[in-house]
Amino acid sequence: MTTEIRTRYAPSPTGYLHVGGLRTALYNYLFAHGHGGKLLLRVEDTDRTRLVEGAVENFLDIFNWLGITFDESPKVGGPHAPYVQSERLSLYVAATKRLAEDGHAYPCFCSSERLDQVRAEQQAASKPPMYDRHCRELSKSDSFARIAAGEPHVWRMAVPVNEVVEIDDLIRGKVSFETATIDDQVLMKSDGFPTYHLANVVDDHDMRISHVIRGEEWLPSTPKHVLLYRFFGWEPPRFAHLPLLLNPDRSKMSKRSGDVAVEAYRDKGILPEALLNFVALLGWHPQDEREFFTLRELVKEFSLDRVNKAGAVFDQAKLKWMNTEYVARLSSEDIWNGVAPLLPESLLDEANSRVRYAVESLRPGAESYADLSGKVVEAFSVPDDKLDAWDDAQLALVGDVADALAALPAAQWNDFEALIASFKSAANVAGANRGLKGKGIWMTLRMAMTGREHGPELGRLIGMWGREGTLNRLHGAVAKRLSSESRA
RNA sequence: GGCGCGUUCGUCUAGGGGUCUAGGACGCUGGCCUCUCACGCCGGUAACACGGGUUCGAAUCCCGUACGCGCUACCA
């Protein structure tokens, strides 16, 4: 029989979700769900000095936005609750006691000053900085007397002297470590909280975690964990260490260069589907050359043996491209619902059909809702006065077109396609009468109505503006030209 | 310094001894389309870190070197 696949995402509550954490959580989700297993969220808040208020709620909130769900978590509970380490202290205490009784852990009374000094000396002698095991040889009776006397202490693991610990990583294969290079890690801190090493082993076992899928930065401490499993007599889970997400300079991705918080991408207008899709492809590749996947499809396609070993640079430009693709695939309704809240009320007050037409007309190439709303606002803006170095023919052209448009039956303004055709013929007729053609016609009208030389197709713009808005722009341009002429 | 991991176009990657004069995507870039910009379409640019092996044959296997990164806390 096969045991149930259970994975976990175990962040410390530092206040925001790192995109690397997202990738880790996503792979855990994909792996678990792809095997009919479960993913759980466990909060590793054993460092009291780094607690951030509201961090857990924030995680839940952002994962909810992403559409990643946890089968067990502090929020929904589960058979192995609580899912917050600070609420599981008695477990770690019991575990430490057990290790101490078996001689696998010992109390250490060294002050942090002494530790610092030892470390400094070792580094000065360019030797590896490791605990010198000063307290390991203390007699049990001595130690217990000092503990009873209330002397501050930590508990360290007694790492075997000359052994080789081998781990069989699902992504990297066999990796081995000599115990001589492994430090006597602190398991229990003097404040009574466990370190990550102890807590994650105790909890992963207690929560029946079958696969530990985490970042590569954990690979060097994995032998410590393996040793702990052995001390406890527990079967260790399978390990899979994911390649790191990198800055453009190939260092571990950090705040230093660009955004690392998922929240930042959300605020920037990146769609959750796009972010998930993009991040999934950082370190993993499907069997074929497809690159667009829904979460569902990812669950189906994902496998650990197609995860790469080398770190991946988080390419902002490609993310932007992918988001643009996702925006392009949105339904008219979805994109309207995304953009409308970002538009000024003055626009929404108007007949929405024209604003919707603007959204539809302007969406090709839009990178996000915010980008598109900006384009809409810009399209509706009225040109300010300036330039107008037109000759008489251009002036007359603008007047002619205004007259022609004014004469259009009202219904025409509600039929955008027909309107474009009418506008084009009006412009061409006027152009022919005034001796203008091609750009002479169009750039003149464009400058008259928008005040800029670049922008959306004119025929569409007048549809967005409607009869009144269009005629106002045309008449306004003529008036401005005439007034500047009289001034001159 | 020690330990560990890694190394295919600028970036994400395909590739698992011959089908590779190394494929796709982003970026960059040339052209087309066009009232302009954008979009779209067509094309181009650019990589197997290096050195030894093994083999008839290596991007693919082995060893070494270099370089990069990670870890080296009473942080995770």
# chains A, B, ... in the order shown; residues from 1 in each chain; ligands from 1
>>> residues_around(residues="region 246-263 of chain A", least_positions_apart="5", cutoff="7 Å", atoms="only C-alpha atoms (C1' of nucleotides)", output="list in words")
Tyr16, Leu17, His18, Val19, Gly311, Ala312, Val313 and Phe314 of chain A; C69 of chain B
>>> residues_around(residues="region 55-62 of chain B", least_positions_apart="4", cutoff="8 Å", atoms="only C-alpha atoms (C1' of nucleotides)", output="list in words")
U8, G15, G16, G17, G18, A22 and C48 of chain B
>>> write_last_selection(atoms="N, CA, C and O atoms (P, O5', C5', C4', C3', O3' and C1' of nucleotides)", output="CSV table (one decimal), in the first residue's frame")
chain,number,residue,atom,x,y,z
B,8,U,P,23.5,26.8,-18.2
B,8,U,O5',23.6,26.2,-19.7
B,8,U,C5',24.8,26.3,-20.4
B,8,U,C4',24.6,26.2,-21.8
B,8,U,C3',23.7,27.3,-22.4
B,8,U,O3',24.5,28.4,-22.7
B,8,U,C1',22.9,25.2,-23.1
B,15,G,P,13.8,17.8,-22.1
B,15,G,O5',14.9,17.3,-23.1
B,15,G,C5',14.5,17.0,-24.5
B,15,G,C4',15.7,17.2,-25.3
B,15,G,C3',16.7,16.1,-25.0
B,15,G,O3',16.7,15.1,-26.0
B,15,G,C1',17.7,18.3,-25.2
B,16,G,P,16.8,13.7,-25.9
B,16,G,O5',18.3,13.4,-25.5
B,16,G,C5',18.7,12.1,-25.2
B,16,G,C4',19.4,12.2,-23.9
B,16,G,C3',19.6,10.8,-23.2
B,16,G,O3',20.7,10.2,-23.7
B,16,G,C1',18.9,12.5,-21.7
B,17,G,P,20.6,8.7,-24.1
B,17,G,O5',21.7,8.6,-25.2
B,17,G,C5',22.9,9.2,-24.9
B,17,G,C4',23.4,9.9,-26.2
B,17,G,C3',23.0,9.1,-27.4
B,17,G,O3',22.0,10.0,-28.0
B,17,G,C1',25.4,9.3,-27.3
B,18,G,P,21.6,9.8,-29.4
B,18,G,O5',22.7,10.8,-30.1
B,18,G,C5',22.3,11.7,-31.2
B,18,G,C4',23.3,11.5,-32.3
B,18,G,C3',22.8,11.8,-33.7
B,18,G,O3',23.4,12.9,-34.1
B,18,G,C1',24.1,9.8,-33.6
B,22,A,P,23.0,24.8,-35.2
B,22,A,O5',22.5,23.7,-34.2
B,22,A,C5',21.3,23.0,-34.4
B,22,A,C4',20.6,22.7,-33.1
B,22,A,C3',20.0,23.9,-32.5
B,22,A,O3',18.7,24.1,-32.9
B,22,A,C1',21.3,22.7,-30.9
B,48,C,P,28.9,28.3,-27.0
B,48,C,O5',28.2,26.9,-26.6
B,48,C,C5',28.8,26.1,-25.5
B,48,C,C4',27.6,25.6,-24.7
B,48,C,C3',28.0,24.5,-23.8
B,48,C,O3',27.6,24.9,-22.5
B,48,C,C1',26.4,23.7,-25.3
>>> select_by_dssp(residues="region 97-201 of chain A", states="alpha helix (DSSP H)", output="VMD selection string")
chain A and resid 97 to 101 112 to 124 140 to 148 196 to 201
>>> closest_atom_pairs(of="chain B", to="chain A", cutoff="9 Å", atoms="only C-alpha atoms (C1' of nucleotides)", output="CSV")
residue,atom,partner,partner_atom,distance
B:G1,C1',A:Ser126,CA,4.9
B:G2,C1',A:Pro128,CA,5.0
B:C3,C1',A:Thr181,CA,6.6
B:G4,C1',A:Pro220,CA,6.0
B:C5,C1',A:Glu216,CA,8.0
B:G6,C1',A:Ala310,CA,5.4
B:U7,C1',A:Ala310,CA,7.8
B:U11,C1',A:Asp315,CA,6.3
B:C12,C1',A:Leu282,CA,6.7
B:U13,C1',A:His285,CA,7.3
B:A14,C1',A:Glu289,CA,7.8
B:G24,C1',A:Glu289,CA,6.3
B:A25,C1',A:Glu291,CA,7.9
B:C26,C1',A:Lys318,CA,4.9
B:G27,C1',A:Ala317,CA,7.4
B:C35,C1',A:Trp442,CA,4.4
B:U36,C1',A:His454,CA,4.6
B:C37,C1',A:His454,CA,4.9
B:A38,C1',A:Gly365,CA,6.6
B:C39,C1',A:Pro364,CA,5.5
B:G68,C1',A:Arg250,CA,8.0
B:C69,C1',A:Ser251,CA,6.6
B:G70,C1',A:Glu217,CA,5.5
B:C71,C1',A:Pro220,CA,5.6
B:U72,C1',A:Pro129,CA,7.2
B:C74,C1',A:Lys189,CA,4.6
B:C75,C1',A:Asp47,CA,6.9
B:A76,C1',A:Ser12,CA,6.4
>>> residues_around(residues="Pro344 (chain A)", least_positions_apart="2", cutoff="12 Å", atoms="only C-alpha atoms (C1' of nucleotides)", output="PyMOL selection string")
chain A and resi 339-342+346-350+355+373-374+376-378+380-381
>>> atom_distance(atom1="CA of Cys108 (chain A)", atom2="CA of Asn200 (chain A)")
21.3 Å
>>> select_by_dssp(residues="region 101-295 of chain A", states="strand (DSSP E)", output="mmCIF file with N, CA and C atoms, in the first residue's frame")
data_model
loop_
_atom_site.group_PDB
_atom_site.id
_atom_site.type_symbol
_atom_site.label_atom_id
_atom_site.label_comp_id
_atom_site.auth_asym_id
_atom_site.auth_seq_id
_atom_site.Cartn_x
_atom_site.Cartn_y
_atom_site.Cartn_z
ATOM 1 N N ALA A 105 20.919 14.772 22.885
ATOM 2 C CA ALA A 105 20.882 16.215 23.090
ATOM 3 C C ALA A 105 21.465 16.513 24.451
ATOM 4 N N TYR A 106 22.075 17.678 24.569
ATOM 5 C CA TYR A 106 22.672 18.039 25.854
ATOM 6 C C TYR A 106 22.494 19.531 26.103
ATOM 7 N N PRO A 107 22.424 19.895 27.376
ATOM 8 C CA PRO A 107 22.258 21.311 27.691
ATOM 9 C C PRO A 107 23.580 22.047 27.525
ATOM 10 N N CYS A 108 23.490 23.270 27.072
ATOM 11 C CA CYS A 108 24.689 24.072 26.860
ATOM 12 C C CYS A 108 24.483 25.396 27.578
ATOM 13 N N VAL A 154 20.651 26.382 26.619
ATOM 14 C CA VAL A 154 19.968 25.911 25.404
ATOM 15 C C VAL A 154 20.205 24.410 25.348
ATOM 16 N N TRP A 155 19.508 23.744 24.428
ATOM 17 C CA TRP A 155 19.769 22.316 24.216
ATOM 18 C C TRP A 155 20.344 22.148 22.823
ATOM 19 N N ARG A 156 21.441 21.423 22.763
ATOM 20 C CA ARG A 156 22.070 21.185 21.467
ATOM 21 C C ARG A 156 21.976 19.723 21.081
ATOM 22 N N MET A 157 22.027 19.467 19.801
ATOM 23 C CA MET A 157 22.012 18.070 19.382
ATOM 24 C C MET A 157 23.448 17.560 19.369
ATOM 25 N N VAL A 164 28.929 9.392 7.790
ATOM 26 C CA VAL A 164 28.505 10.066 6.572
ATOM 27 C C VAL A 164 26.991 9.973 6.520
ATOM 28 N N VAL A 165 26.352 11.100 6.378
ATOM 29 C CA VAL A 165 24.893 11.105 6.271
ATOM 30 C C VAL A 165 24.548 11.307 4.810
ATOM 31 N N GLU A 166 23.785 10.394 4.283
ATOM 32 C CA GLU A 166 23.433 10.507 2.868
ATOM 33 C C GLU A 166 21.957 10.805 2.714
ATOM 34 N N ILE A 167 21.646 11.737 1.852
ATOM 35 C CA ILE A 167 20.238 11.968 1.581
ATOM 36 C C ILE A 167 20.012 11.742 0.095
ATOM 37 N N ASP A 168 18.826 11.253 -0.211
ATOM 38 C CA ASP A 168 18.515 10.970 -1.603
ATOM 39 C C ASP A 168 17.463 11.977 -2.041
ATOM 40 N N ASP A 169 17.942 13.090 -2.565
ATOM 41 C CA ASP A 169 17.049 14.176 -2.935
ATOM 42 C C ASP A 169 16.336 13.858 -4.247
ATOM 43 N N GLY A 173 19.345 13.960 -6.510
ATOM 44 C CA GLY A 173 19.968 12.657 -6.367
ATOM 45 C C GLY A 173 20.675 12.533 -5.023
ATOM 46 N N LYS A 174 21.654 11.641 -4.975
ATOM 47 C CA LYS A 174 22.317 11.414 -3.693
ATOM 48 C C LYS A 174 23.285 12.541 -3.341
ATOM 49 N N VAL A 175 23.153 13.015 -2.110
ATOM 50 C CA VAL A 175 24.048 14.051 -1.608
ATOM 51 C C VAL A 175 24.505 13.582 -0.240
ATOM 52 N N SER A 176 25.825 13.603 -0.014
ATOM 53 C CA SER A 176 26.272 13.135 1.297
ATOM 54 C C SER A 176 27.098 14.177 2.046
ATOM 55 N N PHE A 177 27.059 14.051 3.349
ATOM 56 C CA PHE A 177 27.740 15.004 4.230
ATOM 57 C C PHE A 177 28.483 14.233 5.310
ATOM 58 N N GLU A 178 29.652 14.714 5.672
ATOM 59 C CA GLU A 178 30.400 14.130 6.785
ATOM 60 C C GLU A 178 29.914 14.795 8.065
ATOM 61 N N VAL A 186 21.764 24.134 17.881
ATOM 62 C CA VAL A 186 20.853 24.421 18.985
ATOM 63 C C VAL A 186 19.473 23.910 18.573
ATOM 64 N N LEU A 187 18.852 23.170 19.469
ATOM 65 C CA LEU A 187 17.526 22.617 19.190
ATOM 66 C C LEU A 187 16.460 23.421 19.933
ATOM 67 N N MET A 188 16.809 23.758 21.165
ATOM 68 C CA MET A 188 15.910 24.536 22.016
ATOM 69 C C MET A 188 16.633 25.793 22.468
ATOM 70 N N HIS A 211 6.419 14.346 1.869
ATOM 71 C CA HIS A 211 7.430 14.971 1.003
ATOM 72 C C HIS A 211 7.701 16.399 1.444
ATOM 73 N N VAL A 212 8.953 16.660 1.703
ATOM 74 C CA VAL A 212 9.356 18.018 2.057
ATOM 75 C C VAL A 212 9.920 18.678 0.801
ATOM 76 N N ILE A 213 9.151 19.610 0.270
ATOM 77 C CA ILE A 213 9.583 20.311 -0.938
ATOM 78 C C ILE A 213 9.869 21.749 -0.524
ATOM 79 N N ARG A 214 11.113 22.126 -0.571
ATOM 80 C CA ARG A 214 11.508 23.438 -0.058
ATOM 81 C C ARG A 214 12.656 23.991 -0.883
ATOM 82 N N GLY A 215 13.080 25.202 -0.554
ATOM 83 C CA GLY A 215 14.140 25.850 -1.306
ATOM 84 C C GLY A 215 15.505 25.224 -1.078
ATOM 85 N N ARG A 238 10.467 12.173 2.171
ATOM 86 C CA ARG A 238 11.348 12.341 1.003
ATOM 87 C C ARG A 238 11.625 13.830 0.884
ATOM 88 N N PHE A 239 12.830 14.150 0.429
ATOM 89 C CA PHE A 239 13.189 15.556 0.291
ATOM 90 C C PHE A 239 13.330 15.959 -1.171
ATOM 91 N N ALA A 240 12.937 17.174 -1.464
ATOM 92 C CA ALA A 240 13.117 17.726 -2.817
ATOM 93 C C ALA A 240 13.508 19.185 -2.641
ATOM 94 N N HIS A 241 14.715 19.515 -3.017
ATOM 95 C CA HIS A 241 15.178 20.894 -2.845
ATOM 96 C C HIS A 241 15.141 21.652 -4.163
ATOM 97 N N LEU A 242 14.315 22.673 -4.169
ATOM 98 C CA LEU A 242 14.069 23.439 -5.387
ATOM 99 C C LEU A 242 15.177 24.457 -5.660
ATOM 100 N N LEU A 245 15.316 31.173 -6.710
ATOM 101 C CA LEU A 245 14.877 32.228 -7.622
ATOM 102 C C LEU A 245 15.912 33.342 -7.465
ATOM 103 N N LEU A 246 16.382 33.844 -8.588
ATOM 104 C CA LEU A 246 17.513 34.761 -8.569
ATOM 105 C C LEU A 246 17.207 36.184 -9.031
#
>>> atom_distance(atom1="CA of Gly476 (chain A)", atom2="CA of Arg356 (chain A)")
25.4 Å
>>> residues_around(residues="Leu115 (chain A)", least_positions_apart="5", cutoff="9 Å", atoms="only C-alpha atoms (C1' of nucleotides)", output="number ranges by chain")
A: 110, 120, 131-132
>>> atom_distance(atom1="CA of Leu39 (chain A)", atom2="CA of Gly77 (chain A)")
12.3 Å
